[in-house]
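As provided, run-v5.pdb (PDB, C-alpha atoms) reads as follows.
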```
ATOM      1  CA  VAL A 322       3.042  -9.242   7.371
ATOM      2  CA  ALA A 323       3.540 -11.228  10.583
ATOM      3  CA  ALA A 324       0.969  -9.068  12.401
ATOM      4  CA  VAL A 325      -1.467  -7.939   9.696
ATOM      5  CA  VAL A 326      -2.330 -11.347   8.240
ATOM      6  CA  PRO A 327      -3.082 -13.053  11.609
ATOM      7  CA  LEU A 328      -5.074 -10.023  12.800
ATOM      8  CA  LEU A 329      -7.189 -10.043   9.639
ATOM      9  CA  GLY A 330      -7.743 -13.781  10.006
ATOM     10  CA  ILE A 331      -8.760 -13.511  13.657
ATOM     11  CA  TRP A 332     -11.051 -10.571  12.826
ATOM     12  CA  TRP A 333     -12.716 -12.590  10.053
ATOM     13  CA  GLN A 334     -13.114 -15.576  12.384
ATOM     14  CA  ALA A 335     -14.595 -13.405  15.122
ATOM     15  CA  SER A 336     -16.979 -11.698  12.686
ATOM     16  CA  ARG A 337     -18.331 -15.111  11.607
ATOM     17  CA  ALA A 338     -18.971 -16.040  15.222
ATOM     18  CA  CYS A 339     -20.705 -12.715  15.880
ATOM     19  CA  ARG A 340     -23.213 -13.295  13.069
ATOM     20  CA  GLN A 341     -24.610 -16.233  15.020
ATOM     21  CA  GLU A 342     -25.602 -14.017  17.950
ATOM     22  CA  THR A 343     -28.911 -12.240  18.252
ATOM     23  CA  GLU A 344     -29.235  -8.548  17.429
ATOM     24  CA  GLU A 345     -29.978  -7.749  21.059
ATOM     25  CA  GLN A 346     -26.789  -9.403  22.266
ATOM     26  CA  ALA A 347     -24.770  -7.643  19.579
ATOM     27  CA  LYS A 348     -26.143  -4.258  20.637
ATOM     28  CA  GLN A 349     -25.275  -4.967  24.250
ATOM     29  CA  GLU A 350     -21.724  -5.849  23.273
ATOM     30  CA  GLU A 351     -21.371  -2.706  21.195
ATOM     31  CA  VAL A 352     -22.449  -0.625  24.159
ATOM     32  CA  ALA A 353     -20.089  -2.495  26.447
ATOM     33  CA  ILE A 354     -17.031  -1.999  24.227
ATOM     34  CA  ALA A 355     -17.778   1.529  23.108
ATOM     35  CA  SER A 356     -14.779   3.640  24.002
ATOM     36  CA  SER A 357     -14.870   7.244  25.104
ATOM     37  CA  LYS A 358     -12.554  10.015  24.000
ATOM     38  CA  SER A 359     -10.526   9.619  27.180
ATOM     39  CA  THR A 360      -9.890   5.907  26.667
ATOM     40  CA  SER A 361      -8.928   6.558  23.048
ATOM     41  CA  LEU A 362      -6.454   9.188  24.253
ATOM     42  CA  VAL A 363      -5.007   6.761  26.808
ATOM     43  CA  LEU A 364      -4.607   4.088  24.119
ATOM     44  CA  LEU A 365      -2.812   6.519  21.796
ATOM     45  CA  VAL A 366      -0.484   7.745  24.532
ATOM     46  CA  GLY A 367       0.278   4.165  25.548
ATOM     47  CA  MET A 368       1.331   3.249  22.009
ATOM     48  CA  LEU A 369       3.491   6.375  21.739
ATOM     49  CA  CYS A 370       5.141   5.558  25.066
ATOM     50  CA  ILE A 371       6.034   2.074  23.812
ATOM     51  CA  LEU A 372       7.610   3.575  20.688
ATOM     52  CA  ALA A 373       9.446   6.128  22.808
ATOM     53  CA  VAL A 374      11.489   3.477  24.636
ATOM     54  CA  PRO A 375      13.762   2.477  21.702
ATOM     55  CA  THR A 376      13.781   6.091  20.493
ATOM     56  CA  VAL A 377      15.204   7.328  23.806
ATOM     57  CA  LYS A 378      17.818   4.551  23.687
ATOM     58  CA  MET A 379      18.949   5.491  20.171
ATOM     59  CA  VAL A 380      18.922   9.273  20.703
ATOM     60  CA  THR A 381      20.396   9.544  24.194
ATOM     61  CA  GLY A 382      22.218   6.227  24.616
ATOM     62  CA  LEU A 383      20.611   5.739  28.040
ATOM     63  CA  PRO A 384      19.758   2.212  29.232
ATOM     64  CA  PRO A 385      16.339   0.977  28.043
ATOM     65  CA  TYR A 386      14.960   0.682  31.584
ATOM     66  CA  LEU A 387      15.262   4.465  32.019
ATOM     67  CA  GLY A 388      13.156   4.972  28.895
ATOM     68  CA  MET A 389      10.618   2.493  30.256
ATOM     69  CA  MET A 390      10.392   4.326  33.580
ATOM     70  CA  MET A 391       9.982   7.664  31.791
ATOM     71  CA  ALA A 392       7.245   6.205  29.565
ATOM     72  CA  LEU A 393       5.485   4.740  32.615
ATOM     73  CA  GLY A 394       5.571   8.114  34.363
ATOM     74  CA  ILE A 395       4.127   9.928  31.347
ATOM     75  CA  PHE A 396       1.449   7.292  30.855
ATOM     76  CA  TRP A 397       0.547   7.370  34.561
ATOM     77  CA  LEU A 398       0.159  11.171  34.489
ATOM     78  CA  VAL A 399      -2.004  11.105  31.365
ATOM     79  CA  THR A 400      -4.284   8.388  32.688
ATOM     80  CA  GLU A 401      -4.772  10.221  35.981
ATOM     81  CA  LEU A 402      -5.730  13.432  34.166
ATOM     82  CA  ALA A 403      -7.873  11.725  31.512
ATOM     83  CA  LEU A 404      -9.831   9.472  33.848
ATOM     84  CA  GLU A 405     -10.143  11.918  36.739
ATOM     85  CA  GLU A 406     -13.436  13.382  35.542
ATOM     86  CA  GLU A 407     -15.009  10.113  34.356
ATOM     87  CA  THR A 408     -14.314   7.755  37.242
ATOM     88  CA  THR A 409     -16.264   7.855  40.464
ATOM     89  CA  GLU A 410     -14.066   5.273  42.142
ATOM     90  CA  GLY A 411     -11.486   6.042  44.754
ATOM     91  CA  HIS A 412      -7.786   6.538  44.233
ATOM     92  CA  GLY A 413      -6.047   3.398  43.048
ATOM     93  CA  LYS A 414      -9.230   1.789  41.725
ATOM     94  CA  SER A 415      -8.515   2.659  38.078
ATOM     95  CA  GLY A 416      -5.654   3.517  35.746
ATOM     96  CA  VAL A 417      -2.063   2.468  36.374
ATOM     97  CA  PRO A 418      -2.487   1.634  40.115
ATOM     98  CA  ALA A 419      -5.286  -0.803  39.280
ATOM     99  CA  ALA A 420      -3.143  -2.363  36.532
ATOM    100  CA  LEU A 421      -0.190  -2.775  38.913
ATOM    101  CA  HIS A 422      -2.420  -4.646  41.350
ATOM    102  CA  LYS A 423      -3.181  -7.146  38.573
ATOM    103  CA  VAL A 424       0.447  -7.875  37.703
ATOM    104  CA  ASP A 425       1.036 -11.615  37.551
ATOM    105  CA  LEU A 426       4.000 -11.948  39.918
ATOM    106  CA  GLY A 427       4.047 -15.713  39.432
ATOM    107  CA  SER A 428       4.805 -15.301  35.720
ATOM    108  CA  LEU A 429       7.522 -12.735  36.430
ATOM    109  CA  LEU A 430       9.231 -15.044  38.900
ATOM    110  CA  PHE A 431       8.927 -17.882  36.388
ATOM    111  CA  PHE A 432      10.822 -15.925  33.730
ATOM    112  CA  VAL A 433      13.485 -14.850  36.220
ATOM    113  CA  GLY A 434      14.033 -18.508  37.037
ATOM    114  CA  VAL A 435      14.216 -19.457  33.357
ATOM    115  CA  LEU A 436      16.825 -16.767  32.644
ATOM    116  CA  MET A 437      18.892 -17.999  35.590
ATOM    117  CA  ALA A 438      18.644 -21.528  34.198
ATOM    118  CA  VAL A 439      19.882 -20.291  30.802
ATOM    119  CA  SER A 440      22.898 -18.688  32.480
ATOM    120  CA  THR A 441      23.607 -21.971  34.247
ATOM    121  CA  LEU A 442      23.485 -23.913  30.967
ATOM    122  CA  GLU A 443      25.806 -21.381  29.346
ATOM    123  CA  SER A 444      28.313 -21.674  32.199
ATOM    124  CA  ALA A 445      28.238 -25.472  31.917
ATOM    125  CA  GLY A 446      28.950 -25.328  28.176
ATOM    126  CA  VAL A 447      25.671 -26.984  27.213
ATOM    127  CA  LEU A 448      24.556 -24.112  24.978
ATOM    128  CA  GLU A 449      27.814 -24.137  23.038
ATOM    129  CA  ARG A 450      27.472 -27.853  22.275
ATOM    130  CA  TYR A 451      23.805 -27.400  21.334
ATOM    131  CA  ALA A 452      24.741 -24.548  18.971
ATOM    132  CA  ARG A 453      27.267 -26.735  17.160
ATOM    133  CA  PHE A 454      24.674 -29.521  16.880
ATOM    134  CA  MET A 455      22.087 -27.130  15.365
ATOM    135  CA  GLN A 456      24.599 -25.748  12.883
ATOM    136  CA  ARG A 457      25.474 -29.272  11.725
ATOM    137  CA  LEU A 458      21.783 -30.167  11.515
ATOM    138  CA  THR A 459      20.889 -27.119   9.379
ATOM    139  CA  GLY A 460      24.089 -27.046   7.344
ATOM    140  CA  GLY A 461      24.825 -23.506   8.522
ATOM    141  CA  ASN A 462      21.759 -22.083   6.721
ATOM    142  CA  ALA A 463      20.627 -19.004   8.671
ATOM    143  CA  ALA A 464      16.994 -19.183   7.507
ATOM    144  CA  THR A 465      16.602 -22.848   8.456
ATOM    145  CA  LEU A 466      18.312 -22.276  11.777
ATOM    146  CA  ALA A 467      16.068 -19.295  12.577
ATOM    147  CA  ALA A 468      12.949 -21.240  11.570
ATOM    148  CA  LEU A 469      13.961 -24.056  13.929
ATOM    149  CA  LEU A 470      14.475 -21.542  16.738
ATOM    150  CA  GLY A 471      11.109 -19.958  15.947
ATOM    151  CA  VAL A 472       9.291 -23.270  16.231
ATOM    152  CA  SER A 473      11.188 -23.993  19.452
ATOM    153  CA  SER A 474      10.062 -20.632  20.880
ATOM    154  CA  ALA A 475       6.462 -21.836  20.709
ATOM    155  CA  VAL A 476       7.328 -24.427  23.365
ATOM    156  CA  VAL A 477      10.124 -22.648  25.225
ATOM    157  CA  ASP A 478       9.395 -18.996  25.929
ATOM    158  CA  ASN A 479      10.968 -16.659  23.363
ATOM    159  CA  VAL A 480      12.727 -14.468  25.967
ATOM    160  CA  PRO A 481      15.055 -17.164  27.343
ATOM    161  CA  LEU A 482      15.383 -18.642  23.855
ATOM    162  CA  VAL A 483      16.775 -15.377  22.446
ATOM    163  CA  GLN A 484      19.004 -15.035  25.519
ATOM    164  CA  ALA A 485      20.305 -18.546  24.880
ATOM    165  CA  SER A 486      20.849 -17.740  21.170
ATOM    166  CA  ILE A 487      23.012 -14.755  22.112
ATOM    167  CA  GLU A 488      25.162 -17.062  24.204
ATOM    168  CA  MET A 489      25.246 -19.850  21.592
ATOM    169  CA  PHE A 490      26.323 -18.031  18.427
ATOM    170  CA  GLU A 491      29.247 -15.696  17.790
ATOM    171  CA  GLU A 492      28.167 -14.035  14.530
ATOM    172  CA  PRO A 493      28.785 -10.266  14.102
ATOM    173  CA  MET A 494      26.125  -7.871  15.332
ATOM    174  CA  ASP A 495      24.979  -6.979  11.793
ATOM    175  CA  ALA A 496      24.742 -10.601  10.602
ATOM    176  CA  PRO A 497      21.424 -11.674   9.009
ATOM    177  CA  LEU A 498      21.173 -14.453  11.598
ATOM    178  CA  TRP A 499      20.289 -12.006  14.382
ATOM    179  CA  GLN A 500      17.570 -10.366  12.311
ATOM    180  CA  LEU A 501      16.099 -13.771  11.553
ATOM    181  CA  VAL A 502      16.359 -14.897  15.188
ATOM    182  CA  ALA A 503      14.525 -11.779  16.384
ATOM    183  CA  LEU A 504      11.849 -12.195  13.713
ATOM    184  CA  ALA A 505      11.397 -15.944  14.189
ATOM    185  CA  ALA A 506      11.419 -15.931  17.989
ATOM    186  CA  GLY A 507       9.114 -12.921  18.224
ATOM    187  CA  THR A 508       6.491 -14.336  15.873
ATOM    188  CA  GLY A 509       6.987 -18.047  16.543
ATOM    189  CA  GLY A 510       6.429 -17.587  20.263
ATOM    190  CA  SER A 511       2.781 -16.747  19.599
ATOM    191  CA  MET A 512       2.022 -20.106  18.002
ATOM    192  CA  LEU A 513       1.278 -21.526  21.466
ATOM    193  CA  ALA A 514      -0.031 -19.709  24.518
ATOM    194  CA  VAL A 515       2.951 -20.819  26.618
ATOM    195  CA  GLY A 516       5.471 -19.472  24.098
ATOM    196  CA  SER A 517       5.327 -15.810  25.085
ATOM    197  CA  VAL A 518       4.785 -13.545  28.064
ATOM    198  CA  ALA A 519       1.657 -12.147  26.406
ATOM    199  CA  GLY A 520       0.150 -15.605  26.000
ATOM    200  CA  VAL A 521       0.829 -16.609  29.594
ATOM    201  CA  THR A 522      -0.594 -13.295  30.820
ATOM    202  CA  LEU A 523      -3.680 -13.752  28.636
ATOM    203  CA  MET A 524      -4.300 -17.175  30.142
ATOM    204  CA  GLY A 525      -3.817 -15.895  33.672
ATOM    205  CA  LEU A 526      -5.821 -12.658  33.549
ATOM    206  CA  GLU A 527      -8.559 -13.484  31.044
ATOM    207  CA  GLY A 528      -8.968 -17.184  31.792
ATOM    208  CA  VAL A 529      -8.273 -18.261  28.191
ATOM    209  CA  GLY A 530      -7.747 -22.005  27.922
ATOM    210  CA  PHE A 531      -4.744 -23.587  26.218
ATOM    211  CA  LEU A 532      -6.901 -25.712  23.906
ATOM    212  CA  TRP A 533      -9.067 -22.726  22.898
ATOM    213  CA  TYR A 534      -5.949 -20.722  22.052
ATOM    214  CA  THR A 535      -4.478 -23.614  20.058
ATOM    215  CA  LYS A 536      -7.692 -24.053  18.078
ATOM    216  CA  ASN A 537      -8.511 -20.400  17.350
ATOM    217  CA  ILE A 538      -5.224 -18.474  17.426
ATOM    218  CA  SER A 539      -2.373 -20.898  16.700
ATOM    219  CA  PRO A 540      -3.201 -21.524  12.988
ATOM    220  CA  TRP A 541      -3.184 -17.786  12.241
ATOM    221  CA  ALA A 542       0.026 -17.280  14.228
ATOM    222  CA  LEU A 543       1.663 -20.117  12.285
ATOM    223  CA  LEU A 544       0.576 -18.539   8.996
ATOM    224  CA  GLY A 545       1.999 -15.167  10.044
ATOM    225  CA  PHE A 546       5.264 -16.838  11.101
ATOM    226  CA  ALA A 547       5.694 -18.573   7.731
ATOM    227  CA  LEU A 548       4.788 -15.447   5.738
ATOM    228  CA  ALA A 549       7.174 -13.301   7.797
ATOM    229  CA  LEU A 550      10.144 -15.576   7.097
ATOM    230  CA  GLY A 551       9.172 -15.860   3.424
ATOM    231  CA  THR A 552       8.869 -12.071   3.075
ATOM    232  CA  TYR A 553      12.269 -11.573   4.704
ATOM    233  CA  GLN A 554      13.908 -14.022   2.326
ATOM    234  CA  LEU A 555      12.278 -12.320  -0.671
ATOM    235  CA  GLN A 556      13.593  -8.972   0.511
ATOM    236  CA  ARG A 557      17.088 -10.403   0.847
ATOM    237  CA  MET A 558      16.905 -11.864  -2.649
ATOM    238  CA  ALA A 559      15.611  -8.569  -4.094
ATOM    239  CA  MET A 560      18.466  -6.646  -2.509
TER     240      MET A 560
END
```
Once you've parsed the file, please lay out its structure as structure tokens.
Amino acid sequence: VAAVVPLLGIWWQASRACRQETEEQAKQEEVAIASSKSTSLVLLVGMLCILAVPTVKMVTGLPPYLGMMMALGIFWLVTELALEEETTEGHGKSGVPAALHKVDLGSLLFFVGVLMAVSTLESAGVLERYARFMQRLTGGNAATLAALLGVSSAVVDNVPLVQASIEMFEEPMDAPLWQLVALAAGTGGSMLAVGSVAGVTLMGLEGVGFLWYTKNISPWALLGFALALGTYQLQRMAM
């Protein structure tokens, strides 16, 4: 629900904008975005590699980073074989090497700094006091607390926010609070471009403006966030 509804809304919004273009421009865009069999194969393998990371962790018990490195190796091999016949560019001009050259190191260093700041706040006891304040404010209601964290993740990146939540609360691992925190932080972080790694990367690599994102994407992300929490609560009530 959190993904399907916003995607349908963005697709509908984009289709309305496309109707205003001329037929010639539309044909040019269709040609430009037409994907070959090789690119479709690369997309499929990439999605399977992403799904393989948690699968390897659950089946083998190995650390997640080993699954990520294995997935990267498989994806790299497939892209080299799939694009070898199509590309006329030299080695490193396409595929994984080209993607690695475009990695936004500034964003990575930013998130490392934020995580270090979270550890500092936890050591100083600030997170513990903030957790008690939030529990008093929400009356201990897990749904309200998770919704507040989800809205906060739109301003503060969801990665350090979840890290801070782990340090703030002492509920058991199978408590509903953790499911709600993961759901709320993961979907709420997309309500603003600065709330997630994907949004920051989109702004850096594609040149998307903050105001454009807020106007065109944020309303749909907010709708998906609200529907996701509502659907979760309905499931809990049905069970």
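Residues matched by the PyMOL selection byres ((chain A and resi 467-479) around 8) in this file: Ala463, Ala464, Thr465, Leu466, Val480, Pro481, Leu482, Val483, Leu498, Leu501, Val502, Ala505, Ala506, Gly507, Thr508, Gly509, Gly510, Ser511, Met512, Leu513, Ala514, Val515, Gly516, Ser517, Val518 and Leu550 of chain A.
When the PyMOL selection byres ((chain A and resi 539) around 10) is evaluated against the file, it yields Pro327, Ala475, Gly509, Ser511, Met512, Leu513, Ala514, Leu532, Trp533, Tyr534, Thr535, Lys536, Asn537, Ile538, Pro540, Trp541, Ala542, Leu543, Leu544 and Gly545 of chain A.
Going from atom CA of A:Ala503 to atom CA of A:Leu421 covers 28.4 Å.
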Answer key for the PyMOL selection byres ((chain A and resi 449) around 12), residues as an mmCIF file with C-alpha atoms, in the frame of the given file:
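Below is the file selection19.cif, written as the result:
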```
data_model
loop_
_atom_site.group_PDB
_atom_site.id
_atom_site.type_symbol
_atom_site.label_atom_id
_atom_site.label_comp_id
_atom_site.auth_asym_id
_atom_site.auth_seq_id
_atom_site.Cartn_x
_atom_site.Cartn_y
_atom_site.Cartn_z
ATOM 1 C CA VAL A 439 19.882 -20.291 30.802
ATOM 2 C CA SER A 440 22.898 -18.688 32.480
ATOM 3 C CA LEU A 442 23.485 -23.913 30.967
ATOM 4 C CA GLU A 443 25.806 -21.381 29.346
ATOM 5 C CA SER A 444 28.313 -21.674 32.199
ATOM 6 C CA ALA A 445 28.238 -25.472 31.917
ATOM 7 C CA GLY A 446 28.950 -25.328 28.176
ATOM 8 C CA VAL A 447 25.671 -26.984 27.213
ATOM 9 C CA LEU A 448 24.556 -24.112 24.978
ATOM 10 C CA ARG A 450 27.472 -27.853 22.275
ATOM 11 C CA TYR A 451 23.805 -27.400 21.334
ATOM 12 C CA ALA A 452 24.741 -24.548 18.971
ATOM 13 C CA ARG A 453 27.267 -26.735 17.160
ATOM 14 C CA PHE A 454 24.674 -29.521 16.880
ATOM 15 C CA MET A 455 22.087 -27.130 15.365
ATOM 16 C CA GLN A 456 24.599 -25.748 12.883
ATOM 17 C CA ALA A 485 20.305 -18.546 24.880
ATOM 18 C CA SER A 486 20.849 -17.740 21.170
ATOM 19 C CA ILE A 487 23.012 -14.755 22.112
ATOM 20 C CA GLU A 488 25.162 -17.062 24.204
ATOM 21 C CA MET A 489 25.246 -19.850 21.592
ATOM 22 C CA PHE A 490 26.323 -18.031 18.427
ATOM 23 C CA GLU A 491 29.247 -15.696 17.790
#
```
**Report entry** Which residue of A:Gly520, A:Pro385, A:Gly367, A:Gly525 approaches A:Gly427 most closely, using all atoms listed in the file
**Finding:** A:Gly525
Query raised in the report: Which distance in Å separates atom CA of A:Gln484 and atom CA of A:Met390, to one decimal?
Result: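 About the pair atom CA of A:Gln484 and atom CA of A:Met390: they are 22.7 Å apart.
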**Report entry** Shell around A:Ala403 at 8 Å using all atoms listed in the file, local window under 5 positions removed, as a list in words
**Finding:**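 Listed by chain and then number, they are Ser359, Thr360, Leu362 and Val363 of chain A.
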Requested in this report: Using atom CA of A:Leu387 and atom CA of A:Ala519 as the two end points, give the distance in Å to one decimal.
Outcome: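 That distance, rounded to one decimal, is 22.2 Å.
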Query raised in the report: Between A:Ala559, A:Leu523, A:Ala547, A:Val435, which has the minimum distance to A:Lys423 (counting all atoms listed in the file)?
Result: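 Closest to A:Lys423 of all the choices is A:Leu523.
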